[in-house]
Amino acid sequence: MAGIRNFSITAHIDHGKSTLADRLIQYTGLVADRDFQDQILDNMDIERERGITIKSQTVCLPYKSRSGEEFILNLIDTPGHVDFSYEVSRALASCEGVLLLVDASQGVEAQTLANLYLAMEHDLAVIPVINKIDLPSADIENTREMIEVDLGLDSDGAILCSAKDGIGIEDILEAITKRIPAPRGEKEKPFRALIFDARYDSFRGTIISCRIVDGTVREGDIIRLMSLGTTHKIEEVGVFRIAREKRPSLSAGEVGYIIAGIKTVSDTRIGDTIVHDADPMPPALPGFKEVKPVVFSSIYPIDSDENSALADALEKYKLNDAALIYQRDSSAALGHGFRCGFLGLLHLEVFQERLEREFNQGIIMTSPSVEYKFILANGDEVEVDNPEYYPDPGIIVKSLEPYIRATMMMPERYMGAVMQICLARRGVNSHFHYPTSGRIELFFEMPLAEVIFDFYDKLKTVTQGYGSFDYELLDYREGNLVKVDILVNGERVDALSTIIHTDRARTRAKQICDRLAEEIPKHMFKIAVQGAVGGKIIARSTISAMRKDVTAKCYGGDITRKRKLLEKQAKGKKRMKSIGKVMIPQNAFVSVLKTNDE
Amino acid sequence: MMNDDPPGLYLHIPFCVTRCIYCDFYSDTRISMAGRLLGCLAAENAPRGMGFSAFDTVYIGGGTPSAMPAGSIALLMERIGGRFETAPGAEVTIEVNPDDVTAGKLAEYRGAGINRISVGVQSFDDGELKFLGRRHDARSAIGAARAIREAGMENLGIDLIYGFAGHTIESWRSTLETALSLGPEHVSCYQMTIEGPTPMARMLAAGRIEETGEELQRELFLLASAALTDHGYIHYEISNYARGEGAASRHNGKYWAHAPYLGLGPSAHSFAGGERWWNLPSIEGYCGGVEGGEGPPRGSERLTARQFDLETLYLGLRTARGLPLGFLSRFPAWERALERLENESCLRIEGDRVVPTTKGFLFADSLPLFFL
């Protein structure tokens with residue numbers, strides 16, 4: 001155990017986390033240079049493109065120190081978004097230290113601070129690393145000062161590095177061995193391991209990533225997943241060295257994987273404790289909680305013939321994403337589909353993108369909704385996450401909506417702007433403090449429904465990227481809720497209905513109507529797009545009638561050209577939905593999800 | 001649905017004295033190359049294996065065929081006549097620019113068997129003609145029409161253009177009235193579309209002119225249709241009017257009915273037996289290919305049954321003849337589409353055919369999609 005170090009890298013976006021991980025992997029010779037690919041740990045297209053990490057990744061690096069000692073350095077790469085904060089917390093709980101990366105040209109940023117707090121919460125050793133010292137704009141002295149003042153860390157211990165040019169890599173590896181403690185834990189105690197990730201492999205089933213806390217586990221052992229109470233026989237244990245590498249056993253302090261014939265990742269829980277079935281129940285590791293979806297949306301295939309293909313895709317997708325829940329659903333406007341639950345809006349977006357890219361499924365999503373509660377006249381309480389099931393308003397005695405406690409950190413100068421967007425979203429009971437001078441930590445209690453659209457984007461915009469955001473669910477509170485229906489040419493489009501606070505109904509309805517009016521092409525007749533609460537129209541937008549659609553000439557080469565255009569249009573039409581006499585393109589449904597600046 | 005009507009022959013003469021600012025047809029102002037081009041035109045063979053029976057239409061288009069030196073059209077027709085068979089009573093058309101019309105040229109055309117003249121008048125307003133970059137003025141256009149009559153030509157066509165920047169209802173009405181006063185057998189009214197790399201497209205991009213709005217375009221279209229049909233013309237295709245069934249362009253009708261046609265000259269298109277091919281738009285490439293004996297460089301496509309049906313569908317809905325109900329019923333959504341378009345007064349059923357209304361013509365690019 002003395003030769004093991006478990007660590008993570010944490011950084012503000014674009015401060016060079018993936019590049020540093022790449023260099024560490026290369027330096028330790030784990031991957032031959034010719035096999036190397038940038039952002040080697042981010043192996044999903046979306047991760048590479050967006051520069052974010054969605055799934056945790058682990059890599060076990062062999063390292064011989066300057067003094068000749070052999071070490072095993074386990075790098076645990078963590079997701080970087082509030083939707084996945086629980087996964088991050090479990091990954092960090094599996095480490096003893098972090099590299100806190102600071103860009104020498106940017107200095108300490110909001111996320112750097114948030115990351116530091118998270119590391120401190122888990123009692124981790126923190127090694128500040130000043131990255132990008134190769135840049136002409138690098139200001140090392142200023143960055144040092146920020147590390148001292150803003151982070152309260154000893155800047156003498158900061159390592160200078162250019163991950164891009166491979167400068168300082170060995171210093172970092174040395175620091176990991178010297179300044180991050182070896183894992184605690186006892187080999188002789190009954191076996192306990194913390195699950196911090198699980199992914200699906202089409203040949204082996206679920207691959208559990210875990211940190212062995214106590215004891216030893218080996219092939220053939222019967223294990224029990226404590227929260228679920230299920231037992232499994234271990235087929236293989238090992239460590240990640242880019243590819244999996246089988247080992248006879250894993251012992252206290254190590255990070256590795258367990259394969260135990262577990263069919264899908266949904267049969268495991270992140271944060272759960274694995275024990276030996278035969279042992280008298282040892283105490284579970286702290287911090288486990290069931291993650292519950294908080295944002296719901298229905299999805300429909302663009303081409304309604306594709307329903308069974310979408311069902312297959314969801315089943316496959318679900319194998320690797322335990323957090324997604326779904327069930328069958330149907331809409332008069334969009335046909336058969338599925339109601340899905342997500343951890344947050346990024347989770348939803350990632351889901352949508354992966355479904356399109358990896359499973360080739362074009363889908364239409366309905367407006368995301370939170371789960372509301374309604375107390376009815378007969379005393380029943382109903383939970384509604386789909387506007388289709390909004391009860392008859394005549395029998396609703398009380399409407400309740402979920403509230404969150406939002407935590408935002410930002411440089412002081414952005415406070416006014418952030419207060420404003422929080423208040424506009426019905427934020428209450430705000431308070432704030434200065435964790436360090438010039439930086440504000442601001443708390444608000446807000447309806448969850450108000451943050452699921454574009455709150456995070458908005459926060460990023462008004463703070464020019466310096467604001468961080470995290471939230472936890474608080475409770476349900478009474479709110480004046482209504483259901484807004486959207487009518488196109490007099491026909492209700494059920495997929496566009498939304499439950500919303502009365503105060504916001506008119507604005508939102510108008511936004512939806514305007515968006516639809518922009519996206520729906522002109523028809524031969526005038527089209528009214530209306531928002532209604534009950535029978536009352538509260539917003540309206542009009543699509544004027546097309547006056548002509550004809551091209552004058554059709555000779556020689558025009559004939560082929562026109563046919564090709566028609567072929568293309570016919571294809572495009574397949575991706576439209578008809579509501580009564582009106583053809584609505586997929587884009588129109590998508591555009592409704594994006595709100596305008598208010 | 002293969003059409004076994006007699007084939008048509010198209011001869012493309014790609015030369016213009018000047019280029020009009022809106023034109024994106026293939027044309028060239030190097031008239032000095034005319035001799036070589038005409039020689040090749042007379043020598044071009046259809047691709048191997050593509051035989052054509054006697055042509056019952058010949059159409060000499062451009063470019064500006066009338067800009068060719070005296071005698072050259074007669075010579076071309078003589079050579080063509082020596083290589084291809086023409087059916088008795090064939091419709092033989094030439095496109096002319098009013099400025100080029102002289103008694104001598106008209107006599108030459110008559111002598112060469114040409115019996116139909118299509119005059120590129122575009123407008124009878126001098127200001128508009130100047131803006132459009134035309135060489136002629138209203139007076140010479142009227143003079144040309146009269147001269148054609150005097151030369152004994154019984155089939156006169158007048159081409160007009162509408163909906164360009166600055167066009168008004170009043171001036172369009174006046175142009176139409178002047179055209180009607182000349183009593184042409186045929187009138188084509190083309191709506192201006194700004195496309196391709198033309199000077200007019202650049203003017204539009206630079207904000208020097210404005211695109212004509214949908215509403216005005218619609219009114220101009222309807223005005224032409226009303227004015228001409230009131231005077232006994234049949235609105236037989238979106239842009240074409242004929243004084244009686246017999247005056248409709250037999251040649252153009254072949255394009256819209258998948259009848260066979262052979263196009264000679266650079267950029268000319270041909271169609272036969274489900275195969276379409278076209279010469280590439282380059283005079284040098286064309287002449288080189290013909291002179292070298294390997295034939296001009298060509299592109300081609302063979303229509304699938306589906307593509308053939310798509311073309312039949314949209315072409316049919318552009319003509320007053322419309323389509324047989326039996327054909328439309330091949331499209332799965334046809335009944336619903338037909339019902340909707342009847343309700344919108346775009347189509348109506350006449351016996352066993354479905355025909356577009358004037359409103360249907362206005363939405364001709366939308367109609368086929370209803371069936372797909």
# chains A, B, ... in the order shown; residues from 1 in each chain; ligands from 1
$ closest_atom_pairs --of "chain B" --to "chain A" --cutoff "9 Å" --atoms "only C-alpha atoms" --output "tab-separated table"
residue	atom	partner	partner_atom	distance
B:Cys189	CA	A:Ala552	CA	8.3
B:Tyr190	CA	A:Ala552	CA	5.5
B:Gln191	CA	A:Ala552	CA	5.5
B:Met192	CA	A:Ala552	CA	7.8
B:Thr193	CA	A:Thr551	CA	7.5
B:Glu214	CA	A:Arg547	CA	5.9
B:Glu215	CA	A:Arg547	CA	6.1
B:Gln217	CA	A:Lys548	CA	7.8
B:Arg218	CA	A:Lys548	CA	6.0
B:Ile238	CA	A:Ala552	CA	6.7
B:Ser239	CA	A:Ala552	CA	5.9
B:Asn252	CA	A:Tyr555	CA	7.5
B:Tyr255	CA	A:Tyr555	CA	6.5
B:Trp256	CA	A:Cys554	CA	8.1
B:Gly263	CA	A:Gly556	CA	8.7
B:Ser267	CA	A:Gly557	CA	8.3
B:Ala268	CA	A:Gly556	CA	6.9
B:His269	CA	A:Gly556	CA	5.2
B:Ser270	CA	A:Gly556	CA	7.6
B:Arg276	CA	A:Thr560	CA	8.8
B:Trp278	CA	A:Gly557	CA	8.0
B:Gln307	CA	A:Arg563	CA	7.4
B:Leu310	CA	A:Arg563	CA	6.7
B:Glu311	CA	A:Arg563	CA	5.9
B:Tyr314	CA	A:Arg563	CA	8.0
B:Leu315	CA	A:Ile559	CA	8.3
B:Arg340	CA	A:Lys581	CA	8.5
B:Glu344	CA	A:Met524	CA	7.9
B:Lys359	CA	A:Lys548	CA	8.6
B:Phe361	CA	A:Val550	CA	7.2
B:Leu362	CA	A:Lys548	CA	5.1
B:Phe363	CA	A:Asp549	CA	4.5
B:Ala364	CA	A:Val550	CA	5.2
B:Asp365	CA	A:Val550	CA	5.0
B:Ser366	CA	A:Asp549	CA	6.4
B:Pro368	CA	A:Leu566	CA	8.0
B:Leu369	CA	A:Ala570	CA	6.4
B:Leu372	CA	A:Ala570	CA	6.1
$ write_last_selection --atoms "C-alpha atoms" --output "mmCIF file, in the first residue's frame"
data_model
loop_
_atom_site.group_PDB
_atom_site.id
_atom_site.type_symbol
_atom_site.label_atom_id
_atom_site.label_comp_id
_atom_site.auth_asym_id
_atom_site.auth_seq_id
_atom_site.Cartn_x
_atom_site.Cartn_y
_atom_site.Cartn_z
ATOM 1 C CA CYS B 189 -44.138 35.662 -69.417
ATOM 2 C CA TYR B 190 -41.169 34.828 -67.253
ATOM 3 C CA GLN B 191 -40.937 35.928 -63.694
ATOM 4 C CA MET B 192 -37.509 37.339 -62.914
ATOM 5 C CA THR B 193 -35.516 35.068 -60.660
ATOM 6 C CA GLU B 214 -43.952 37.901 -53.012
ATOM 7 C CA GLU B 215 -47.134 39.950 -53.052
ATOM 8 C CA GLN B 217 -44.860 38.975 -57.941
ATOM 9 C CA ARG B 218 -48.177 37.312 -57.326
ATOM 10 C CA ILE B 238 -46.960 28.422 -65.844
ATOM 11 C CA SER B 239 -45.117 30.918 -68.037
ATOM 12 C CA ASN B 252 -41.296 22.888 -75.239
ATOM 13 C CA TYR B 255 -39.619 18.692 -72.236
ATOM 14 C CA TRP B 256 -42.633 18.566 -69.954
ATOM 15 C CA GLY B 263 -29.966 18.712 -77.894
ATOM 16 C CA SER B 267 -24.845 22.936 -72.540
ATOM 17 C CA ALA B 268 -27.693 21.331 -74.544
ATOM 18 C CA HIS B 269 -29.706 18.602 -72.795
ATOM 19 C CA SER B 270 -31.134 15.474 -74.372
ATOM 20 C CA ARG B 276 -30.815 12.076 -69.894
ATOM 21 C CA TRP B 278 -26.046 16.896 -71.483
ATOM 22 C CA GLN B 307 -37.254 9.686 -60.328
ATOM 23 C CA LEU B 310 -41.254 12.513 -59.470
ATOM 24 C CA GLU B 311 -40.500 14.397 -62.667
ATOM 25 C CA TYR B 314 -44.040 18.040 -60.867
ATOM 26 C CA LEU B 315 -43.877 18.651 -64.621
ATOM 27 C CA ARG B 340 -56.545 19.403 -49.576
ATOM 28 C CA GLU B 344 -57.295 25.245 -51.466
ATOM 29 C CA LYS B 359 -53.795 29.531 -58.157
ATOM 30 C CA PHE B 361 -49.739 27.540 -60.993
ATOM 31 C CA LEU B 362 -48.845 30.149 -58.368
ATOM 32 C CA PHE B 363 -47.915 27.391 -55.950
ATOM 33 C CA ALA B 364 -46.525 24.955 -58.464
ATOM 34 C CA ASP B 365 -43.348 24.336 -56.456
ATOM 35 C CA SER B 366 -45.368 23.385 -53.364
ATOM 36 C CA PRO B 368 -45.877 17.964 -55.636
ATOM 37 C CA LEU B 369 -44.767 17.762 -52.001
ATOM 38 C CA LEU B 372 -44.898 12.760 -51.324
#
$ residues_around --residues "segment 151-156 of chain A" --least-positions-apart "3" --cutoff "12 Å" --atoms "only C-alpha atoms" --output "ChimeraX atom specification"
/A:100,102,107-117,120,125-130,140-148,159-160,435-439
$ residues_around --residues "segment 38-48 of chain B" --least-positions-apart "6" --cutoff "6 Å" --atoms "only C-alpha atoms" --output "list in words"
Arg79, Ile80, Gly265, Cys287 and Val290 of chain B
$ select_by_dssp --residues "segment 11-44 of chain B" --states "helix (DSSP H, G or I)" --output "list in words"
Ile31, Ser32, Met33, Ala34, Gly35, Arg36, Leu37, Leu38, Gly39, Cys40, Leu41, Ala42 and Ala43 of chain B
$ atom_distance --atom1 "atom CA of Ser140 of chain B" --atom2 "atom CA of Met68 of chain B"
18.5 Å
$ select_by_dssp --residues "segment 267-370 of chain B" --states "strand (DSSP E)" --output "compact mmCIF listing (two decimals) with C-alpha atoms, in the first residue's frame"
# COMPACT_ATOMS: atom_id res chain seq x y z
CA HIS B 269 -29.71 18.60 -72.79
CA SER B 270 -31.13 15.47 -74.37
CA PHE B 271 -33.55 12.82 -73.24
CA ALA B 272 -34.53 9.45 -74.64
CA GLU B 275 -31.74 8.41 -70.12
CA ARG B 276 -30.82 12.08 -69.89
CA TRP B 277 -27.48 13.46 -71.05
CA TRP B 278 -26.05 16.90 -71.48
CA ASN B 279 -23.10 18.54 -73.15
CA ARG B 298 -21.09 14.97 -71.50
CA GLY B 299 -22.81 14.27 -68.25
CA SER B 300 -25.66 11.81 -67.99
CA GLU B 301 -28.17 10.20 -65.71
CA ARG B 302 -30.48 7.25 -66.04
CA LEU B 323 -52.05 14.48 -64.83
CA PRO B 324 -54.22 11.38 -65.11
CA LEU B 347 -56.26 21.60 -58.30
CA ARG B 348 -59.48 20.40 -59.80
CA ILE B 349 -60.62 17.18 -61.34
CA GLU B 350 -61.61 17.23 -64.99
CA ARG B 353 -57.45 14.10 -65.08
CA VAL B 354 -56.30 16.39 -62.32
CA VAL B 355 -55.44 19.86 -63.53
CA PRO B 356 -53.93 22.86 -61.77
$ residues_around --residues "segment 441-458 of chain A" --least-positions-apart "5" --cutoff "7 Å" --atoms "only C-alpha atoms" --output "PyMOL selection string"
chain A and resi 345+369-370+401-410+425-435
$ residues_around --residues "Thr461 of chain A" --least-positions-apart "6" --cutoff "12 Å" --atoms "only C-alpha atoms" --output "list in words"
Tyr414, Ala417, Val418, Ile421, Asp454, Phe455, Gly467, Ser468 and Asp597 of chain A
$ residues_around --residues "Phe342 of chain A" --least-positions-apart "6" --cutoff "7 Å" --atoms "only C-alpha atoms" --output "MDAnalysis selection string"
chainID A and resid 293:296 323:324 348
$ residues_around --residues "Leu73 of chain A" --least-positions-apart "2" --cutoff "8 Å" --atoms "only C-alpha atoms" --output "number ranges by chain"
A: 4-7, 60-63, 71, 75
$ write_last_selection --atoms "C-alpha atoms" --output "PDB file, in the first residue's frame"
ATOM      1  CA  ILE A   4       0.131   3.434  -4.134  1.00  0.00           C
ATOM      2  CA  ARG A   5      -1.093   6.984  -4.728  1.00  0.00           C
ATOM      3  CA  ASN A   6      -4.669   7.743  -5.708  1.00  0.00           C
ATOM      4  CA  PHE A   7      -5.256  11.179  -7.158  1.00  0.00           C
ATOM      5  CA  CYS A  60      -3.118   3.119 -13.390  1.00  0.00           C
ATOM      6  CA  LEU A  61       0.344   4.596 -14.024  1.00  0.00           C
ATOM      7  CA  PRO A  62       3.542   2.754 -13.082  1.00  0.00           C
ATOM      8  CA  TYR A  63       6.232   5.202 -11.946  1.00  0.00           C
ATOM      9  CA  PHE A  71       4.983   3.483  -7.397  1.00  0.00           C
ATOM     10  CA  LEU A  75      -5.316   8.825 -11.834  1.00  0.00           C
TER      11      LEU A  75
END
